[in-house]
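*Asks:* Okay, so here is structure.txt, and as you'll see once you scroll down, it has compact mmCIF, C-alpha atoms.
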```txt
# COMPACT_ATOMS: atom_id res chain seq x y z
CA MET A 343 63.50 118.59 132.05
CA THR A 344 61.73 115.73 130.40
CA LYS A 345 63.35 112.40 129.67
CA SER A 346 63.12 113.07 125.94
CA LEU A 347 65.10 116.24 126.24
CA TRP A 348 67.65 114.39 128.27
CA ASP A 349 67.82 111.79 125.56
CA GLN A 350 68.68 114.51 123.10
CA PHE A 351 71.25 116.00 125.40
CA TYR A 352 72.77 112.63 125.98
CA ARG A 353 72.72 111.59 122.36
CA TRP A 354 74.27 114.83 121.27
CA PHE A 355 77.42 113.99 123.13
CA ILE A 356 77.94 110.38 122.25
CA PRO A 357 80.92 109.84 120.00
CA THR A 358 79.04 108.31 117.10
CA GLN A 359 77.18 111.56 116.70
CA GLU A 360 80.40 113.32 115.84
CA ARG A 361 81.11 114.25 112.29
CA LYS A 362 84.56 115.31 111.30
CA HIS A 363 84.82 118.95 110.27
CA LEU A 364 81.16 119.50 111.02
CA ASN A 365 80.59 118.63 114.60
CA VAL A 366 83.91 118.09 116.29
CA ARG A 367 83.73 117.89 119.99
CA PRO A 368 86.68 119.23 121.95
CA PHE A 369 89.30 116.54 122.29
CA TYR A 370 88.97 116.39 126.07
CA TYR A 371 85.53 114.79 125.88
CA ARG A 372 87.32 111.49 125.32
CA TRP A 373 88.01 111.56 129.04
CA ILE A 374 84.84 113.17 130.25
CA SER A 375 81.85 110.91 130.22
CA LEU A 376 78.58 112.72 130.53
CA ASP A 377 76.70 109.48 131.20
CA GLY A 378 76.97 109.95 134.93
CA LEU A 379 75.87 113.55 134.72
CA TYR A 380 72.95 112.46 132.62
CA HIS A 381 71.72 110.08 135.27
CA LEU A 382 72.47 112.34 138.17
CA LEU A 383 70.81 115.40 136.72
CA HIS A 384 67.82 113.35 135.70
CA GLN A 385 67.50 112.13 139.28
CA ARG A 386 67.70 115.69 140.55
CA ASN A 387 64.41 116.31 138.76
CA LEU A 388 64.96 120.04 138.60
CA PRO A 389 62.60 122.46 136.92
CA PRO A 390 63.41 122.87 133.21
CA GLU A 391 64.65 126.41 133.60
CA ASP A 392 67.08 125.32 136.31
CA ASN A 393 68.28 122.41 134.23
CA GLN A 394 68.99 124.65 131.29
CA GLU A 395 71.05 126.96 133.41
CA ILE A 396 72.90 124.12 135.08
CA ILE A 397 73.69 122.37 131.80
CA GLN A 398 74.99 125.60 130.36
CA SER A 399 77.13 126.21 133.40
CA ILE A 400 78.49 122.68 133.44
CA LEU A 401 79.44 122.76 129.76
CA GLU A 402 81.16 126.09 130.17
CA THR A 403 82.92 125.00 133.33
CA ILE A 404 84.24 121.89 131.64
CA HIS A 405 85.45 123.93 128.70
CA TYR A 406 87.15 126.54 130.85
CA GLU A 407 88.88 124.00 133.06
CA MET A 408 90.02 121.75 130.26
CA LEU A 409 91.23 124.69 128.22
CA ASP A 410 93.16 126.01 131.18
CA ALA A 411 94.79 122.64 131.74
CA THR A 412 95.71 122.40 128.06
CA LEU A 413 96.89 125.93 127.46
CA SER A 414 99.11 125.78 130.51
CA LEU A 415 101.21 123.22 128.65
CA ILE A 416 101.41 125.10 125.33
CA PRO A 417 103.37 128.26 124.45
CA GLU A 418 101.14 131.31 124.66
CA GLU A 419 101.77 132.33 121.05
CA GLU A 420 100.22 129.03 119.99
CA HIS A 421 96.99 129.40 121.97
CA ASP A 422 94.91 131.04 119.25
CA ALA A 423 95.92 128.51 116.64
CA LEU A 424 95.25 125.61 118.96
CA ILE A 425 91.78 126.85 119.81
CA ASP A 426 91.07 127.22 116.09
CA ARG A 427 92.24 123.69 115.40
CA MET A 428 89.96 122.38 118.10
CA HIS A 429 87.06 123.39 115.85
CA ILE A 430 88.12 121.01 113.13
CA THR A 431 89.79 118.05 114.76
CA ASP A 432 89.98 116.11 117.98
CA ASP A 433 92.96 114.07 116.85
CA MET A 434 95.71 114.41 119.43
CA GLN A 435 98.50 114.18 116.87
CA GLU A 436 96.95 116.88 114.69
CA LEU A 437 96.33 119.07 117.69
CA PHE A 438 99.59 118.69 119.56
CA GLY A 439 102.01 116.86 117.28
CA GLN A 440 103.98 119.98 116.37
CA TYR A 441 104.87 120.91 119.93
CA ASP A 442 108.04 119.93 121.69
CA LEU A 443 106.05 118.04 124.24
CA SER A 444 104.95 114.45 124.39
CA ILE A 445 101.28 113.84 123.79
CA GLU A 446 101.28 111.49 126.76
CA VAL A 447 102.10 114.40 129.03
CA ILE A 448 99.17 116.37 127.69
CA GLU A 449 96.87 113.40 127.96
CA THR A 450 97.86 112.67 131.53
CA SER A 451 97.57 116.26 132.66
CA VAL A 452 94.29 117.11 130.99
CA LYS A 453 92.73 113.79 131.87
CA ARG A 454 93.63 114.24 135.51
CA ARG A 455 92.12 117.72 135.56
CA GLY A 456 88.99 116.32 133.94
CA GLU A 457 88.64 113.61 136.55
CA THR A 458 89.02 116.12 139.35
CA LEU A 459 86.49 118.44 137.77
CA LEU A 460 83.94 115.70 137.22
CA GLU A 461 84.28 114.73 140.85
CA GLN A 462 83.62 118.34 141.86
CA ILE A 463 80.58 118.52 139.62
CA TYR A 464 79.23 115.28 141.02
CA GLN A 465 79.72 116.60 144.53
CA ALA A 466 77.98 119.85 143.65
CA LEU A 467 75.00 118.02 142.24
CA ASN A 468 74.89 115.66 145.18
CA GLN A 469 75.55 118.21 147.86
CA ASP A 470 71.99 118.66 149.05
CA ALA A 471 71.38 114.92 149.01
CA THR A 472 74.46 114.45 151.18
CA HIS A 473 73.24 117.04 153.62
CA GLN A 474 69.92 115.30 153.97
CA GLN A 475 71.42 112.01 155.02
CA MET B 1321 63.31 109.97 141.36
CA THR B 1322 64.18 112.53 143.99
CA HIS B 1323 61.95 115.58 144.10
CA LYS B 1324 63.71 118.71 145.18
CA THR B 1325 62.39 121.75 146.92
CA PRO B 1326 63.06 125.21 145.52
CA ALA B 1327 65.66 125.72 148.22
CA GLN B 1328 67.48 122.59 147.15
CA HIS B 1329 67.33 123.70 143.52
CA THR B 1330 68.94 126.94 144.56
CA GLN B 1331 71.62 125.09 146.47
CA ILE B 1332 72.56 122.96 143.48
CA LYS B 1333 72.62 125.98 141.22
CA HIS B 1334 74.77 127.81 143.72
CA HIS B 1335 77.36 125.04 143.85
CA ILE B 1336 77.52 124.68 140.10
CA SER B 1337 77.68 128.43 139.69
CA ARG B 1338 80.60 128.60 142.10
CA LEU B 1339 82.52 126.02 140.09
CA HIS B 1340 81.72 127.94 136.94
CA THR B 1341 82.94 131.22 138.36
CA GLN B 1342 86.15 129.67 139.63
CA ALA B 1343 86.90 128.08 136.28
CA LYS B 1344 86.12 131.26 134.40
CA HIS B 1345 88.34 133.41 136.57
CA LYS B 1346 91.15 130.88 136.43
CA LEU B 1347 91.14 130.77 132.66
CA ALA B 1348 90.66 134.52 132.26
CA SER B 1349 93.50 135.40 134.62
CA LYS B 1350 96.01 132.81 133.42
CA HIS B 1351 95.36 132.98 129.69
CA LYS B 1352 94.19 136.49 128.87
CA LYS B 1353 94.61 136.26 125.09
CA ALA B 1354 92.74 133.00 124.89
CA TRP B 1355 90.00 134.36 127.10
CA THR B 1356 89.59 137.38 124.86
CA LYS B 1357 89.30 135.11 121.86
CA ILE B 1358 86.74 132.91 123.57
CA LYS B 1359 84.62 135.85 124.64
CA ARG B 1360 84.77 137.37 121.18
CA ALA B 1361 83.63 134.12 119.58
CA ASN B 1362 80.87 133.49 122.10
CA MET B 1363 82.58 130.29 123.11
CA PRO B 1364 82.48 127.75 124.54
CA VAL B 1365 78.99 126.77 123.55
CA GLU B 1366 79.47 127.97 120.03
CA HIS B 1367 82.65 125.95 119.94
CA LEU B 1368 80.67 122.85 120.66
CA VAL B 1369 77.95 123.31 118.12
CA HIS B 1370 78.96 126.00 115.65
CA ARG B 1371 78.03 125.12 112.08
CA THR B 1372 76.44 121.88 113.14
CA GLY B 1373 72.96 120.72 112.52
CA GLN B 1374 72.71 120.04 116.20
CA ALA B 1375 72.81 123.71 117.03
CA ALA B 1376 69.08 124.10 116.99
CA THR B 1377 68.67 121.16 119.30
CA THR B 1378 71.11 122.66 121.69
CA ILE B 1379 69.26 125.92 121.68
CA ALA B 1380 66.19 124.06 122.75
CA LEU B 1381 68.09 122.12 125.36
CA THR B 1382 70.15 124.74 126.99
CA GLY B 1383 68.65 128.03 125.97
CA ALA B 1384 72.08 128.90 124.67
CA LEU B 1385 72.43 132.24 123.00
CA LEU B 1386 73.58 131.05 119.65
CA ASN B 1387 72.53 132.98 116.64
CA PRO B 1388 70.38 130.48 114.75
CA THR B 1389 71.43 131.88 111.41
CA HIS B 1390 74.96 130.64 112.01
CA ALA B 1391 73.86 127.08 111.92
CA ILE B 1392 70.50 126.93 110.28
CA SER B 1393 69.41 127.76 106.80
CA THR B 1394 67.37 130.85 106.20
CA SER B 1395 64.16 128.99 105.61
CA ILE B 1396 64.48 127.15 108.86
CA SER B 1397 65.65 130.04 110.95
CA ALA B 1398 62.39 131.76 110.13
CA LEU B 1399 60.66 128.93 111.91
CA LEU B 1400 62.82 129.09 114.97
CA PRO B 1401 61.82 131.16 117.93
CA THR B 1402 63.94 134.19 118.54
CA THR B 1403 65.91 134.52 121.72
CA ALA B 1404 66.61 137.77 123.43
CA ARG B 1405 70.14 138.51 124.51
CA HIS B 1406 70.97 139.68 127.98
CA ASP B 1407 74.59 140.62 127.86
CA THR B 1408 75.76 141.01 131.37
CA ASP B 1409 79.52 141.08 131.52
CA GLY B 1410 80.03 139.83 128.00
CA GLU B 1411 79.13 136.30 129.01
CA LEU B 1412 76.57 134.04 127.55
CA ALA B 1413 73.36 134.29 129.50
CA ILE B 1414 70.23 132.22 129.72
CA THR B 1415 67.09 133.51 128.13
CA LYS B 1416 63.51 132.38 128.06
CA PRO B 1417 62.92 128.73 127.14
CA VAL B 1418 62.11 127.97 123.52
CA PRO B 1419 59.68 125.36 122.17
CA PRO B 1420 60.99 121.83 121.74
CA GLN B 1421 62.84 121.27 118.52
CA TYR B 1422 60.48 118.55 117.39
CA VAL B 1423 57.68 121.14 117.29
CA THR B 1424 59.75 123.18 114.85
CA LEU B 1425 60.41 120.09 112.77
CA GLN B 1426 56.74 119.21 112.66
CA ARG B 1427 55.82 122.72 111.57
CA SER B 1428 58.51 122.75 108.91
CA LEU B 1429 57.22 119.57 107.26
CA THR B 1430 53.48 120.18 107.36
CA ASP B 1431 53.24 122.10 104.10
CA LEU B 1432 55.21 119.43 102.23
CA LEU B 1433 52.92 116.49 102.89
CA PRO B 1434 50.76 115.04 100.15
CA THR B 1435 47.06 114.76 100.81
CA ARG B 1436 47.22 110.98 101.04
CA PRO B 1437 49.92 108.34 101.63
CA GLY B 1438 52.48 108.18 98.84
CA THR B 1439 55.68 109.78 97.65
CA LEU B 1440 56.57 113.42 98.07
CA SER B 1441 56.91 115.53 94.95
CA ALA B 1442 60.51 116.09 93.82
CA GLU B 1443 60.41 119.67 95.02
CA HIS B 1444 58.89 118.82 98.38
CA SER B 1445 61.26 115.93 98.81
CA LEU B 1446 64.22 118.26 98.38
CA LEU B 1447 62.75 120.78 100.79
CA ALA B 1448 62.12 118.06 103.34
CA THR B 1449 65.73 116.95 103.05
CA GLN B 1450 66.98 120.50 103.55
CA ARG B 1451 64.75 121.24 106.50
CA ILE B 1452 65.45 117.99 108.26
CA LYS B 1453 69.16 118.47 107.73
CA ALA B 1454 69.02 121.95 109.17
CA LEU B 1455 67.08 120.90 112.23
CA THR B 1456 68.62 117.53 113.04
CA GLY B 1457 71.93 117.44 111.22
CA ILE B 1458 70.82 114.27 109.47
CA THR B 1459 70.73 113.96 105.69
CA ALA B 1460 67.53 112.10 104.90
CA LYS B 1461 66.38 111.51 101.33
CA SER B 1462 63.51 109.99 99.41
CA GLU B 1463 65.96 108.43 97.00
CA LEU B 1464 69.38 107.07 97.84
CA ASP B 1465 71.77 105.22 95.53
CA GLY B 1466 68.93 105.09 93.01
CA PHE B 1467 66.60 103.25 95.39
CA ARG B 1468 63.25 104.48 96.67
CA LEU B 1469 60.40 103.27 98.80
CA ASN B 1470 56.87 102.99 97.50
CA ALA B 1471 55.89 105.77 99.90
CA ASP B 1472 57.67 108.56 101.78
CA TYR B 1473 54.57 109.52 103.68
CA GLY B 1474 51.97 107.22 105.14
CA TYR B 1475 50.74 105.40 108.19
CA MET B 1476 52.87 103.30 110.48
CA GLY B 1477 51.46 100.32 112.31
CA ALA B 1478 52.67 99.08 115.68
CA GLU B 1479 54.63 95.86 115.33
CA GLN B 1480 55.76 93.23 117.79
CA HIS B 1481 59.36 92.60 118.68
CA LEU B 1482 61.37 90.49 116.23
CA PRO B 1483 63.51 87.52 117.23
CA ARG B 1484 67.09 88.77 117.11
CA PHE B 1485 68.71 85.34 117.03
CA PRO B 1486 67.52 81.73 116.99
CA GLY B 1487 65.82 80.98 120.27
CA ASP B 1488 65.21 84.62 121.23
CA THR B 1489 62.23 85.15 123.54
CA ILE B 1490 60.25 88.16 124.66
CA ALA B 1491 61.70 87.79 128.14
CA LYS B 1492 65.11 88.66 126.74
CA HIS B 1493 63.92 92.02 125.38
CA ASP B 1494 64.37 94.80 127.88
CA GLU B 1495 61.40 96.99 126.97
CA TYR B 1496 57.80 96.76 125.89
CA GLN B 1497 57.45 93.06 126.53
CA ARG B 1498 53.68 93.42 126.41
CA SER B 1499 53.98 94.04 122.69
CA GLY B 1500 54.98 90.42 122.22
CA ILE B 1501 57.34 88.86 119.72
CA THR B 1502 56.72 87.42 116.27
CA LYS B 1503 56.92 83.67 115.80
CA SER B 1504 59.26 83.92 112.86
CA ARG B 1505 62.23 86.09 112.06
CA GLY B 1506 61.99 89.22 109.91
CA ALA B 1507 62.22 89.23 106.14
CA PHE B 1508 65.93 89.95 106.32
CA GLY B 1509 66.75 87.18 108.75
CA TYR B 1510 68.02 87.31 112.28
CA PHE B 1511 69.96 90.29 113.50
CA ALA B 1512 72.68 87.99 114.80
CA PRO B 1513 73.51 84.32 114.11
CA SER B 1514 73.28 83.42 117.80
CA GLU B 1515 72.77 84.97 121.19
CA SER B 1516 76.48 84.85 121.93
CA GLU B 1517 77.16 86.79 118.76
CA MET B 1518 74.76 89.58 119.55
CA THR B 1519 76.29 93.02 119.28
CA GLU B 1520 75.23 96.45 120.43
CA GLU B 1521 74.45 97.28 116.83
CA ALA B 1522 72.25 94.20 116.38
CA MET B 1523 70.43 95.00 119.59
CA LEU B 1524 69.74 98.55 118.40
CA GLN B 1525 68.69 97.37 114.95
CA GLU B 1526 65.91 95.29 116.45
CA LYS B 1527 65.03 97.87 119.05
CA TYR B 1528 64.52 100.50 116.36
CA TYR B 1529 63.47 98.39 113.42
CA VAL B 1530 61.15 99.71 110.76
CA VAL B 1531 58.98 97.77 108.35
CA VAL B 1532 58.59 98.93 104.74
CA GLN B 1533 56.71 97.52 101.80
CA THR B 1534 59.72 96.35 99.83
CA PHE B 1535 57.48 94.30 97.58
CA LEU B 1536 55.73 97.46 96.40
CA ALA B 1537 58.90 99.48 95.81
CA PRO B 1538 59.66 100.55 92.22
CA GLN B 1539 62.88 98.51 91.98
CA TRP B 1540 61.46 95.34 93.48
CA SER B 1541 60.00 94.00 90.27
CA HIS B 1542 63.19 94.76 88.31
CA ASN B 1543 65.80 93.32 90.62
CA SER B 1544 64.46 92.09 93.90
CA HIS B 1545 67.74 90.52 95.05
CA THR B 1546 69.74 93.69 94.62
CA TYR B 1547 67.04 95.75 96.24
CA LYS B 1548 66.73 93.36 99.16
CA ASP B 1549 70.47 93.34 99.78
CA TRP B 1550 70.62 97.11 99.63
CA ILE B 1551 67.67 97.77 101.88
CA LYS B 1552 68.45 95.18 104.56
CA PHE B 1553 68.96 97.03 107.87
CA ARG B 1554 69.19 100.29 105.90
CA LYS B 1555 68.87 103.32 108.15
CA VAL B 1556 65.78 105.45 107.80
CA LEU B 1557 64.62 108.58 109.53
CA VAL B 1558 61.04 108.37 110.74
CA VAL B 1559 59.22 111.57 111.72
CA ASN B 1560 55.77 111.68 113.24
CA THR B 1561 54.10 114.33 111.11
CA LYS B 1562 51.66 115.19 113.91
CA THR B 1563 54.21 115.69 116.67
CA GLY B 1564 57.61 116.07 115.01
CA LYS B 1565 59.10 113.34 117.20
CA ALA B 1566 61.77 111.57 115.17
CA VAL B 1567 63.81 108.41 115.35
CA VAL B 1568 66.49 106.78 113.24
CA GLY B 1569 65.56 103.18 112.59
CA ALA B 1570 66.84 100.22 110.60
CA ILE B 1571 64.71 98.44 108.05
CA GLY B 1572 64.22 95.03 109.62
CA ASP B 1573 61.19 93.50 107.98
CA ALA B 1574 58.91 93.69 104.95
CA GLY B 1575 55.29 94.71 105.28
CA PRO B 1576 52.62 95.56 106.14
CA ALA B 1577 50.17 93.95 103.72
CA LYS B 1578 48.62 96.38 101.29
CA TRP B 1579 45.09 95.74 102.52
CA THR B 1580 45.92 97.11 105.97
CA GLY B 1581 45.90 100.65 104.65
CA LYS B 1582 49.27 101.22 106.30
CA GLN B 1583 52.55 101.72 104.52
CA PHE B 1584 55.02 101.17 107.34
CA GLY B 1585 55.51 99.34 110.59
CA GLY B 1586 57.56 100.22 113.61
CA SER B 1587 59.04 98.34 116.53
CA PRO B 1588 57.49 98.93 119.93
CA GLU B 1589 60.33 101.31 120.77
CA VAL B 1590 59.91 103.28 117.53
CA VAL B 1591 56.15 103.61 117.88
CA HIS B 1592 56.31 104.58 121.53
CA HIS B 1593 58.96 107.21 120.91
CA LEU B 1594 57.07 108.72 118.00
CA ASN B 1595 53.98 108.99 120.17
CA ASP B 1596 55.50 110.42 123.34
CA GLY B 1597 55.70 107.10 125.10
CA LYS B 1598 52.22 105.93 124.15
CA HIS B 1599 51.20 102.96 122.08
CA HIS B 1600 49.54 103.89 118.82
CA HIS B 1601 48.22 101.59 116.11
CA LYS B 1602 48.36 104.11 113.30
CA THR B 1603 50.94 106.87 113.29
CA SER B 1604 51.23 109.39 110.49
CA VAL B 1605 54.88 109.45 109.45
CA ILE B 1606 57.47 110.47 106.90
CA VAL B 1607 60.11 107.81 106.25
CA LEU B 1608 63.28 108.77 104.42
CA PHE B 1609 66.60 107.01 103.83
CA VAL B 1610 69.45 108.27 105.97
CA ASP B 1611 72.49 109.15 103.90
CA ASP B 1612 75.19 107.96 106.25
CA PRO B 1613 78.06 106.43 104.27
CA ASP B 1614 80.44 106.51 107.23
CA ASP B 1615 77.92 105.01 109.64
CA GLN B 1616 78.06 108.03 111.90
CA ILE B 1617 74.36 108.42 112.68
CA PRO B 1618 73.31 106.31 115.66
CA LEU B 1619 70.08 104.38 115.73
CA GLY B 1620 67.48 105.65 118.17
CA PRO B 1621 65.55 108.77 119.07
CA VAL B 1622 66.58 112.01 117.38
CA LEU B 1623 63.99 114.49 118.63
```
Reformat the file's structure so that it appears as structure tokens.
*Replies:*
Amino acid sequence: MTKSLWDQFYRWFIPTQERKHLNVRPFYYRWISLDGLYHLLHQRNLPPEDNQEIIQSILETIHYEMLDATLSLIPEEEHDALIDRMHITDDMQELFGQYDLSIEVIETSVKRRGETLLEQIYQALNQDATHQQ
Amino acid sequence: MTHKTPAQHTQIKHHISRLHTQAKHKLASKHKKAWTKIKRANMPVEHLVHRTGQAATTIALTGALLNPTHAISTSISALLPTTARHDTDGELAITKPVPPQYVTLQRSLTDLLPTRPGTLSAEHSLLATQRIKALTGITAKSELDGFRLNADYGYMGAEQHLPRFPGDTIAKHDEYQRSGITKSRGAFGYFAPSESEMTEEAMLQEKYYVVVQTFLAPQWSHNSHTYKDWIKFRKVLVVNTKTGKAVVGAIGDAGPAKWTGKQFGGSPEVVHHLNDGKHHHKTSVIVLFVDDPDDQIPLGPVL
């Protein structure tokens, strides 16, 4: 993948690119910085087709993991509505304010899962480099 | 940069794929209703970009199987390459790569350009706004708040760096130092009162500054003070009409002189980005005001 494409990928995720009700990122991206992935994947210098597949997989993996961490804290009958709200807001109060659960608990839990996941992704991307050393 | 062998590529893909599979199975087994909803809606990628102007960019970046018509107007979707679906187990799958988005942008603007530098017709201006919006998510207009430039389309010269604060030197600029730095500040003053008061925004404003012929603009002769205040550091979208590469810049200086035959100027960073990293003395561009009342559009490369 060329640097310019990476620029686009990178720029697409930065917070200032967000527009309320038009381009709302899932709330958990406040804890998941893609800067490191940007640099690491760029260093990997993979063929474009591999990069596309890896980016897709990483985005989906992040979404699945973060959703699992979040939904585990919320009553099942609320899952659909919560997922719908994630399309239109990333405000924690708007997303979780109505539940009988402190937002701090959600933040702590989801953030921790995100940190663990990022570490796993970093390791996966670095695995071959580690083996070479 | 580390160059990987095909075997190493496969290894990385394998590790990422394993994480992906684990996450998918975990979510699908623990939250069946949510998983059904996600699969039905083609999430998560659609969740990230659905109804956004960035969708097309993401298609180009990731090969994601979004239906372009969800996010892009009919006129634009006709320009976009089609992607074939390979539904395996109901998951999103990767298809063949598509051309870069800037190629689509370039093609979409070609038929709107006048034969020589100047303003776009009202109809073409509106079409340009619509097409750019659909492809980049950015609202860019010939006229904003009643103000216009003397030209929407023309040639952009390559400028030097501008001093960002009193005492700024070329050594303090992180890129394209060979371009040099002007002796005096830009027409709108320094970007910051002093080095210690420099901000990220001021740094980006200089890095991506654009020069326009304020003195030739329609409103200049009527109320130059108002026009100058309004246009100072105003965001503009610049698109190279030959390549489609685009950047959001800030108006940071007035010029170039009419006799140069150019209508715009660009910082070293702007000119290099528009020309795929190469220096170019005369770049054919469209320059439109960015309608960004909430200051949500960042300065820098777009496509």
*Asks:* Using Å and a single decimal, report how far CA of Ser1462 (chain B) sits from CA of Thr1435 (chain B).
*Replies:* 17.2 Å
*Asks:* Of the candidates B:Gly1585, B:Pro1576, B:Gly1509, B:Gly1438, which shows the shortest atom-to-atom distance to Lys1548 (chain B), using only C-alpha atoms?
*Replies:*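 The answer is B:Gly1509, which sits nearest to Lys1548 (chain B).
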*Asks:* Residues within 8 Å of region 1530-1545 of chain B, please, as a list in words. Count only C-alpha atoms; anything in the same chain fewer than 6 positions from it doesn't count.
*Replies:*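 After dropping sequence-adjacent residues, the list is Phe1467, Arg1468, Leu1469, Asn1470, Val1556, Gly1569, Ala1570, Ile1571, Gly1572, Asp1573, Ala1574, Gly1575, Pro1576, Ala1577, Gln1583, Phe1584, Gly1585, Gly1586, Ser1587 and Val1590 of chain B.
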*Asks:* Considering all atoms listed in the file, can you say which of B:Pro1618, B:Thr1449, B:Gln1331, B:Lys1598 comes closest to Gln1525 (chain B)?
*Replies:*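 So, comparing all the options, the nearest one is B:Pro1618.
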*Asks:* When distances are computed from all atoms listed in the file, which of A:Ile430, A:Leu379, A:Ile463, A:Ile448 shows the smallest separation from chain B?
*Replies:*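 Going through A:Ile430, A:Leu379, A:Ile463, A:Ile448 one by one, the smallest distance to chain B is for A:Ile463.
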